[in-house]
$ cat run27.txt   # compact mmCIF, C-alpha atoms
# COMPACT_ATOMS: atom_id res chain seq x y z
CA SER A 166 -37.86 5.92 5.88
CA LEU A 167 -34.47 7.52 6.22
CA LYS A 168 -31.49 5.27 5.98
CA LYS A 169 -28.67 6.22 8.30
CA LYS A 170 -25.11 5.48 7.31
CA MET A 171 -23.02 3.87 9.94
CA ILE A 172 -19.61 5.48 9.94
CA LEU A 173 -16.68 4.15 11.91
CA PRO A 174 -14.47 6.72 13.60
CA GLU A 175 -11.05 7.08 11.96
CA ASP A 176 -9.35 5.71 15.08
CA CYS A 177 -11.30 2.47 14.67
CA ILE A 178 -10.44 2.23 10.98
CA ARG A 179 -6.77 2.81 11.75
CA GLU A 180 -6.77 0.13 14.45
CA ILE A 181 -8.48 -2.41 12.18
CA LEU A 182 -5.94 -1.76 9.44
CA GLU A 183 -3.07 -2.02 11.93
CA GLN A 184 -4.38 -5.47 12.88
CA LEU A 185 -4.13 -6.41 9.21
CA SER A 186 -0.51 -5.25 8.93
CA GLU A 187 0.73 -8.76 8.08
CA ASP A 188 -1.97 -9.35 5.48
CA LYS A 189 -0.48 -7.47 2.53
CA ARG A 190 -3.06 -8.71 0.05
CA THR A 191 -5.92 -7.24 2.09
CA LEU A 192 -4.01 -4.00 2.63
CA TYR A 193 -3.48 -3.62 -1.12
CA SER A 194 -7.23 -4.04 -1.59
CA CYS A 195 -7.87 -1.40 1.05
CA LEU A 196 -5.69 1.08 -0.86
CA ILE A 197 -8.42 1.56 -3.43
CA THR A 198 -11.38 1.60 -1.01
CA ASN A 199 -11.30 5.33 -0.37
CA ARG A 200 -8.93 8.16 0.48
CA THR A 201 -9.08 7.63 4.24
CA TYR A 202 -8.17 3.95 3.97
CA CYS A 203 -5.39 4.79 1.56
CA GLN A 204 -3.94 7.37 3.96
CA PHE A 205 -3.82 4.77 6.73
CA VAL A 206 -2.63 1.84 4.62
CA VAL A 207 0.34 3.47 2.85
CA PRO A 208 2.40 4.01 6.04
CA ILE A 209 1.68 0.43 7.13
CA LEU A 210 2.88 -0.97 3.79
CA TRP A 211 5.98 1.23 3.76
CA ARG A 212 7.13 -0.02 7.17
CA ASN A 213 8.36 -3.08 5.34
CA PRO A 214 8.17 -2.55 1.57
CA TRP A 215 9.79 -5.90 0.76
CA PRO A 216 7.16 -8.56 0.20
CA THR A 217 7.10 -12.04 1.62
CA PHE A 218 7.33 -13.86 -1.69
CA ASN A 219 5.55 -17.01 -0.67
CA SER A 220 2.49 -14.89 0.20
CA LEU A 221 2.25 -13.29 -3.24
CA THR A 222 1.19 -14.80 -6.52
CA ASN A 223 3.51 -14.36 -9.49
CA GLU A 224 1.21 -11.72 -10.98
CA LEU A 225 1.02 -9.75 -7.72
CA GLU A 226 4.77 -10.03 -7.34
CA ARG A 227 5.32 -8.64 -10.85
CA ILE A 228 2.92 -5.75 -10.23
CA TYR A 229 4.49 -5.05 -6.83
CA TRP A 230 8.02 -4.77 -8.19
CA LYS A 231 6.85 -2.68 -11.14
CA ILE A 232 5.16 -0.16 -8.83
CA LEU A 233 8.03 -0.14 -6.33
CA GLY A 234 10.59 0.30 -9.11
CA LYS A 235 8.69 3.22 -10.63
CA THR A 236 8.39 4.85 -7.21
CA ILE A 237 12.11 4.52 -6.52
CA ILE A 238 13.04 5.86 -9.97
CA LYS A 239 10.78 8.89 -9.49
CA CYS A 240 12.71 9.72 -6.33
CA LEU A 241 16.11 9.73 -8.07
CA THR A 242 17.78 12.93 -9.17
CA LEU A 243 17.89 13.74 -12.87
CA GLU A 244 21.66 13.19 -12.85
CA THR A 245 21.29 9.71 -11.38
CA LYS A 246 18.53 8.83 -13.88
CA GLN A 247 20.81 9.91 -16.75
CA LYS A 248 23.62 7.71 -15.44
CA LEU A 249 21.28 4.73 -15.37
CA SER A 250 20.06 5.13 -18.93

$ encode --input "run27.txt" --output "structure tokens"
Amino acid sequence: SLKKKMILPEDCIREILEQLSEDKRTLYSCLITNRTYCQFVVPILWRNPWPTFNSLTNELERIYWKILGKTIIKCLTLETKQKLS
């Protein structure tokens, strides 16, 4: 017997992820699901990159700020990075 994969259209995936826009923990999990999910989740997360602290555990909060800090630093010019060090 042939097993058929059920594939959701991208519009449906996008809409589901939009409905989860307030659930940051779930969105972070979706980031590593596959490339399509990641492409849809990143813009949702960047709409408001500042976390609601009471919704994050201390470990998640630490990881979040580490990733956000590295991302911001990568965007700085070399001159600015030199001034900071």

$ closest_residue --input "run27.txt" --among "A:Leu225, A:Ile238, A:Leu210, A:Ile232" --to "Glu187 (chain A)" --atoms "all atoms listed in the file"
A:Leu210

$ closest_residue --input "run27.txt" --among "A:Asn199, A:Thr236, A:Ile181, A:Glu226" --to "Trp211 (chain A)" --atoms "only C-alpha atoms"
A:Thr236

$ residues_around --input "run27.txt" --residues "Cys203 (chain A)" --least-positions-apart "6" --cutoff "12 Å" --atoms "all atoms listed in the file" --output "mmCIF file with C-alpha atoms, in the coordinates of the input"
data_model
loop_
_atom_site.group_PDB
_atom_site.id
_atom_site.type_symbol
_atom_site.label_atom_id
_atom_site.label_comp_id
_atom_site.auth_asym_id
_atom_site.auth_seq_id
_atom_site.Cartn_x
_atom_site.Cartn_y
_atom_site.Cartn_z
ATOM 1 C CA ILE A 178 -10.440 2.230 10.980
ATOM 2 C CA ARG A 179 -6.770 2.810 11.750
ATOM 3 C CA LEU A 182 -5.940 -1.760 9.440
ATOM 4 C CA LEU A 192 -4.010 -4.000 2.630
ATOM 5 C CA TYR A 193 -3.480 -3.620 -1.120
ATOM 6 C CA SER A 194 -7.230 -4.040 -1.590
ATOM 7 C CA CYS A 195 -7.870 -1.400 1.050
ATOM 8 C CA LEU A 196 -5.690 1.080 -0.860
ATOM 9 C CA ILE A 197 -8.420 1.560 -3.430
ATOM 10 C CA ILE A 209 1.680 0.430 7.130
ATOM 11 C CA LEU A 210 2.880 -0.970 3.790
#

$ atom_distance --input "run27.txt" --atom1 "CA of Leu173 (chain A)" --atom2 "CA of Pro208 (chain A)"
20.0 Å

$ atom_distance --input "run27.txt" --atom1 "CA of Pro174 (chain A)" --atom2 "CA of Asn213 (chain A)"
26.2 Å

$ atom_distance --input "run27.txt" --atom1 "CA of Lys189 (chain A)" --atom2 "CA of Cys177 (chain A)"
19.1 Å

$ closest_residue --input "run27.txt" --among "A:Arg227, A:Glu180, A:Lys235, A:Leu241" --to "Val206 (chain A)" --atoms "all atoms listed in the file"
A:Glu180

$ decode --input "run27.txt" --residues "region 200-214 of chain A" --atoms "all heavy atoms" --output "PDB file, in the first residue's frame"
ATOM      1  N   ARG A 200      12.457  24.544   6.929  1.00  0.00           N
ATOM      2  CA  ARG A 200      12.775  25.843   6.336  1.00  0.00           C
ATOM      3  C   ARG A 200      11.529  26.694   6.110  1.00  0.00           C
ATOM      4  O   ARG A 200      11.541  27.904   6.342  1.00  0.00           O
ATOM      5  CB  ARG A 200      13.507  25.628   5.018  1.00  0.00           C
ATOM      6  CG  ARG A 200      13.990  26.915   4.405  1.00  0.00           C
ATOM      7  CD  ARG A 200      14.857  26.638   3.228  1.00  0.00           C
ATOM      8  NE  ARG A 200      16.081  26.035   3.755  1.00  0.00           N
ATOM      9  CZ  ARG A 200      17.168  25.851   3.057  1.00  0.00           C
ATOM     10  NH1 ARG A 200      17.199  26.166   1.802  1.00  0.00           N
ATOM     11  NH2 ARG A 200      18.229  25.314   3.607  1.00  0.00           N
ATOM     12  N   THR A 201      10.455  26.082   5.659  1.00  0.00           N
ATOM     13  CA  THR A 201       9.224  26.827   5.396  1.00  0.00           C
ATOM     14  C   THR A 201       8.688  27.464   6.672  1.00  0.00           C
ATOM     15  O   THR A 201       8.366  28.655   6.698  1.00  0.00           O
ATOM     16  CB  THR A 201       8.149  25.900   4.788  1.00  0.00           C
ATOM     17  OG1 THR A 201       8.656  25.337   3.574  1.00  0.00           O
ATOM     18  CG2 THR A 201       6.871  26.651   4.501  1.00  0.00           C
ATOM     19  N   TYR A 202       8.606  26.683   7.736  1.00  0.00           N
ATOM     20  CA  TYR A 202       8.144  27.226   9.016  1.00  0.00           C
ATOM     21  C   TYR A 202       9.049  28.369   9.461  1.00  0.00           C
ATOM     22  O   TYR A 202       8.575  29.399   9.917  1.00  0.00           O
ATOM     23  CB  TYR A 202       8.117  26.138  10.089  1.00  0.00           C
ATOM     24  CG  TYR A 202       6.900  25.251  10.057  1.00  0.00           C
ATOM     25  CD1 TYR A 202       6.468  24.652   8.882  1.00  0.00           C
ATOM     26  CD2 TYR A 202       6.190  24.989  11.213  1.00  0.00           C
ATOM     27  CE1 TYR A 202       5.356  23.828   8.866  1.00  0.00           C
ATOM     28  CE2 TYR A 202       5.074  24.167  11.199  1.00  0.00           C
ATOM     29  CZ  TYR A 202       4.668  23.593  10.029  1.00  0.00           C
ATOM     30  OH  TYR A 202       3.568  22.788  10.024  1.00  0.00           O
ATOM     31  N   CYS A 203      10.327  28.160   9.343  1.00  0.00           N
ATOM     32  CA  CYS A 203      11.286  29.185   9.758  1.00  0.00           C
ATOM     33  C   CYS A 203      11.057  30.482   8.990  1.00  0.00           C
ATOM     34  O   CYS A 203      11.044  31.566   9.565  1.00  0.00           O
ATOM     35  CB  CYS A 203      12.709  28.667   9.544  1.00  0.00           C
ATOM     36  SG  CYS A 203      13.970  29.791  10.154  1.00  0.00           S
ATOM     37  N   GLN A 204      10.842  30.382   7.682  1.00  0.00           N
ATOM     38  CA  GLN A 204      10.620  31.573   6.859  1.00  0.00           C
ATOM     39  C   GLN A 204       9.369  32.334   7.286  1.00  0.00           C
ATOM     40  O   GLN A 204       9.322  33.553   7.170  1.00  0.00           O
ATOM     41  CB  GLN A 204      10.500  31.184   5.383  1.00  0.00           C
ATOM     42  CG  GLN A 204      11.804  30.757   4.774  1.00  0.00           C
ATOM     43  CD  GLN A 204      11.633  30.193   3.366  1.00  0.00           C
ATOM     44  OE1 GLN A 204      10.577  29.674   3.004  1.00  0.00           O
ATOM     45  NE2 GLN A 204      12.675  30.297   2.585  1.00  0.00           N
ATOM     46  N   PHE A 205       8.370  31.628   7.771  1.00  0.00           N
ATOM     47  CA  PHE A 205       7.148  32.290   8.210  1.00  0.00           C
ATOM     48  C   PHE A 205       7.241  32.800   9.642  1.00  0.00           C
ATOM     49  O   PHE A 205       6.638  33.813   9.981  1.00  0.00           O
ATOM     50  CB  PHE A 205       5.943  31.339   8.096  1.00  0.00           C
ATOM     51  CG  PHE A 205       5.609  30.940   6.692  1.00  0.00           C
ATOM     52  CD1 PHE A 205       5.109  29.684   6.428  1.00  0.00           C
ATOM     53  CD2 PHE A 205       5.787  31.801   5.628  1.00  0.00           C
ATOM     54  CE1 PHE A 205       4.786  29.290   5.135  1.00  0.00           C
ATOM     55  CE2 PHE A 205       5.477  31.434   4.333  1.00  0.00           C
ATOM     56  CZ  PHE A 205       4.981  30.176   4.087  1.00  0.00           C
ATOM     57  N   VAL A 206       7.983  32.103  10.484  1.00  0.00           N
ATOM     58  CA  VAL A 206       8.053  32.455  11.900  1.00  0.00           C
ATOM     59  C   VAL A 206       8.949  33.670  12.158  1.00  0.00           C
ATOM     60  O   VAL A 206       8.616  34.524  12.985  1.00  0.00           O
ATOM     61  CB  VAL A 206       8.521  31.244  12.739  1.00  0.00           C
ATOM     62  CG1 VAL A 206       8.859  31.658  14.155  1.00  0.00           C
ATOM     63  CG2 VAL A 206       7.451  30.167  12.752  1.00  0.00           C
ATOM     64  N   VAL A 207      10.070  33.769  11.470  1.00  0.00           N
ATOM     65  CA  VAL A 207      11.016  34.866  11.729  1.00  0.00           C
ATOM     66  C   VAL A 207      10.351  36.240  11.633  1.00  0.00           C
ATOM     67  O   VAL A 207      10.484  37.058  12.551  1.00  0.00           O
ATOM     68  CB  VAL A 207      12.261  34.751  10.823  1.00  0.00           C
ATOM     69  CG1 VAL A 207      13.098  36.015  10.874  1.00  0.00           C
ATOM     70  CG2 VAL A 207      13.089  33.541  11.233  1.00  0.00           C
ATOM     71  N   PRO A 208       9.600  36.543  10.567  1.00  0.00           N
ATOM     72  CA  PRO A 208       8.956  37.865  10.525  1.00  0.00           C
ATOM     73  C   PRO A 208       7.957  38.087  11.660  1.00  0.00           C
ATOM     74  O   PRO A 208       7.822  39.203  12.165  1.00  0.00           O
ATOM     75  CB  PRO A 208       8.235  37.877   9.169  1.00  0.00           C
ATOM     76  CG  PRO A 208       8.919  36.848   8.350  1.00  0.00           C
ATOM     77  CD  PRO A 208       9.398  35.802   9.313  1.00  0.00           C
ATOM     78  N   ILE A 209       7.281  37.036  12.075  1.00  0.00           N
ATOM     79  CA  ILE A 209       6.329  37.166  13.194  1.00  0.00           C
ATOM     80  C   ILE A 209       7.078  37.521  14.471  1.00  0.00           C
ATOM     81  O   ILE A 209       6.684  38.432  15.204  1.00  0.00           O
ATOM     82  CB  ILE A 209       5.526  35.859  13.379  1.00  0.00           C
ATOM     83  CG1 ILE A 209       4.643  35.593  12.162  1.00  0.00           C
ATOM     84  CG2 ILE A 209       4.675  35.933  14.653  1.00  0.00           C
ATOM     85  CD1 ILE A 209       3.997  34.211  12.138  1.00  0.00           C
ATOM     86  N   LEU A 210       8.180  36.833  14.737  1.00  0.00           N
ATOM     87  CA  LEU A 210       8.962  37.109  15.951  1.00  0.00           C
ATOM     88  C   LEU A 210       9.590  38.497  15.919  1.00  0.00           C
ATOM     89  O   LEU A 210       9.679  39.167  16.948  1.00  0.00           O
ATOM     90  CB  LEU A 210      10.039  36.046  16.136  1.00  0.00           C
ATOM     91  CG  LEU A 210       9.544  34.657  16.518  1.00  0.00           C
ATOM     92  CD1 LEU A 210      10.691  33.655  16.476  1.00  0.00           C
ATOM     93  CD2 LEU A 210       8.903  34.682  17.895  1.00  0.00           C
ATOM     94  N   TRP A 211      10.011  38.947  14.750  1.00  0.00           N
ATOM     95  CA  TRP A 211      10.676  40.250  14.662  1.00  0.00           C
ATOM     96  C   TRP A 211       9.706  41.429  14.690  1.00  0.00           C
ATOM     97  O   TRP A 211      10.128  42.576  14.793  1.00  0.00           O
ATOM     98  CB  TRP A 211      11.570  40.316  13.431  1.00  0.00           C
ATOM     99  CG  TRP A 211      12.898  39.711  13.727  1.00  0.00           C
ATOM    100  CD1 TRP A 211      13.313  38.455  13.415  1.00  0.00           C
ATOM    101  CD2 TRP A 211      13.983  40.324  14.440  1.00  0.00           C
ATOM    102  NE1 TRP A 211      14.587  38.247  13.889  1.00  0.00           N
ATOM    103  CE2 TRP A 211      15.023  39.373  14.514  1.00  0.00           C
ATOM    104  CE3 TRP A 211      14.173  41.575  15.026  1.00  0.00           C
ATOM    105  CZ2 TRP A 211      16.226  39.651  15.147  1.00  0.00           C
ATOM    106  CZ3 TRP A 211      15.373  41.838  15.643  1.00  0.00           C
ATOM    107  CH2 TRP A 211      16.383  40.886  15.701  1.00  0.00           C
ATOM    108  N   ARG A 212       8.410  41.171  14.632  1.00  0.00           N
ATOM    109  CA  ARG A 212       7.448  42.275  14.787  1.00  0.00           C
ATOM    110  C   ARG A 212       7.588  42.915  16.160  1.00  0.00           C
ATOM    111  O   ARG A 212       7.416  44.106  16.328  1.00  0.00           O
ATOM    112  CB  ARG A 212       6.018  41.761  14.635  1.00  0.00           C
ATOM    113  CG  ARG A 212       5.634  41.527  13.228  1.00  0.00           C
ATOM    114  CD  ARG A 212       4.176  41.118  13.168  1.00  0.00           C
ATOM    115  NE  ARG A 212       4.001  40.337  11.970  1.00  0.00           N
ATOM    116  CZ  ARG A 212       3.163  39.339  11.853  1.00  0.00           C
ATOM    117  NH1 ARG A 212       2.389  38.987  12.864  1.00  0.00           N
ATOM    118  NH2 ARG A 212       3.067  38.686  10.731  1.00  0.00           N
ATOM    119  N   ASN A 213       7.859  42.071  17.130  1.00  0.00           N
ATOM    120  CA  ASN A 213       8.074  42.551  18.497  1.00  0.00           C
ATOM    121  C   ASN A 213       9.181  41.689  19.104  1.00  0.00           C
ATOM    122  O   ASN A 213       8.890  40.680  19.740  1.00  0.00           O
ATOM    123  CB  ASN A 213       6.795  42.457  19.321  1.00  0.00           C
ATOM    124  CG  ASN A 213       7.009  42.996  20.714  1.00  0.00           C
ATOM    125  OD1 ASN A 213       8.046  43.578  21.016  1.00  0.00           O
ATOM    126  ND2 ASN A 213       6.049  42.781  21.579  1.00  0.00           N
ATOM    127  N   PRO A 214      10.445  42.097  18.908  1.00  0.00           N
ATOM    128  CA  PRO A 214      11.547  41.244  19.367  1.00  0.00           C
ATOM    129  C   PRO A 214      11.761  41.245  20.877  1.00  0.00           C
ATOM    130  O   PRO A 214      12.545  40.467  21.378  1.00  0.00           O
ATOM    131  CB  PRO A 214      12.761  41.842  18.660  1.00  0.00           C
ATOM    132  CG  PRO A 214      12.404  43.261  18.427  1.00  0.00           C
ATOM    133  CD  PRO A 214      10.919  43.279  18.219  1.00  0.00           C
TER     134      PRO A 214
END
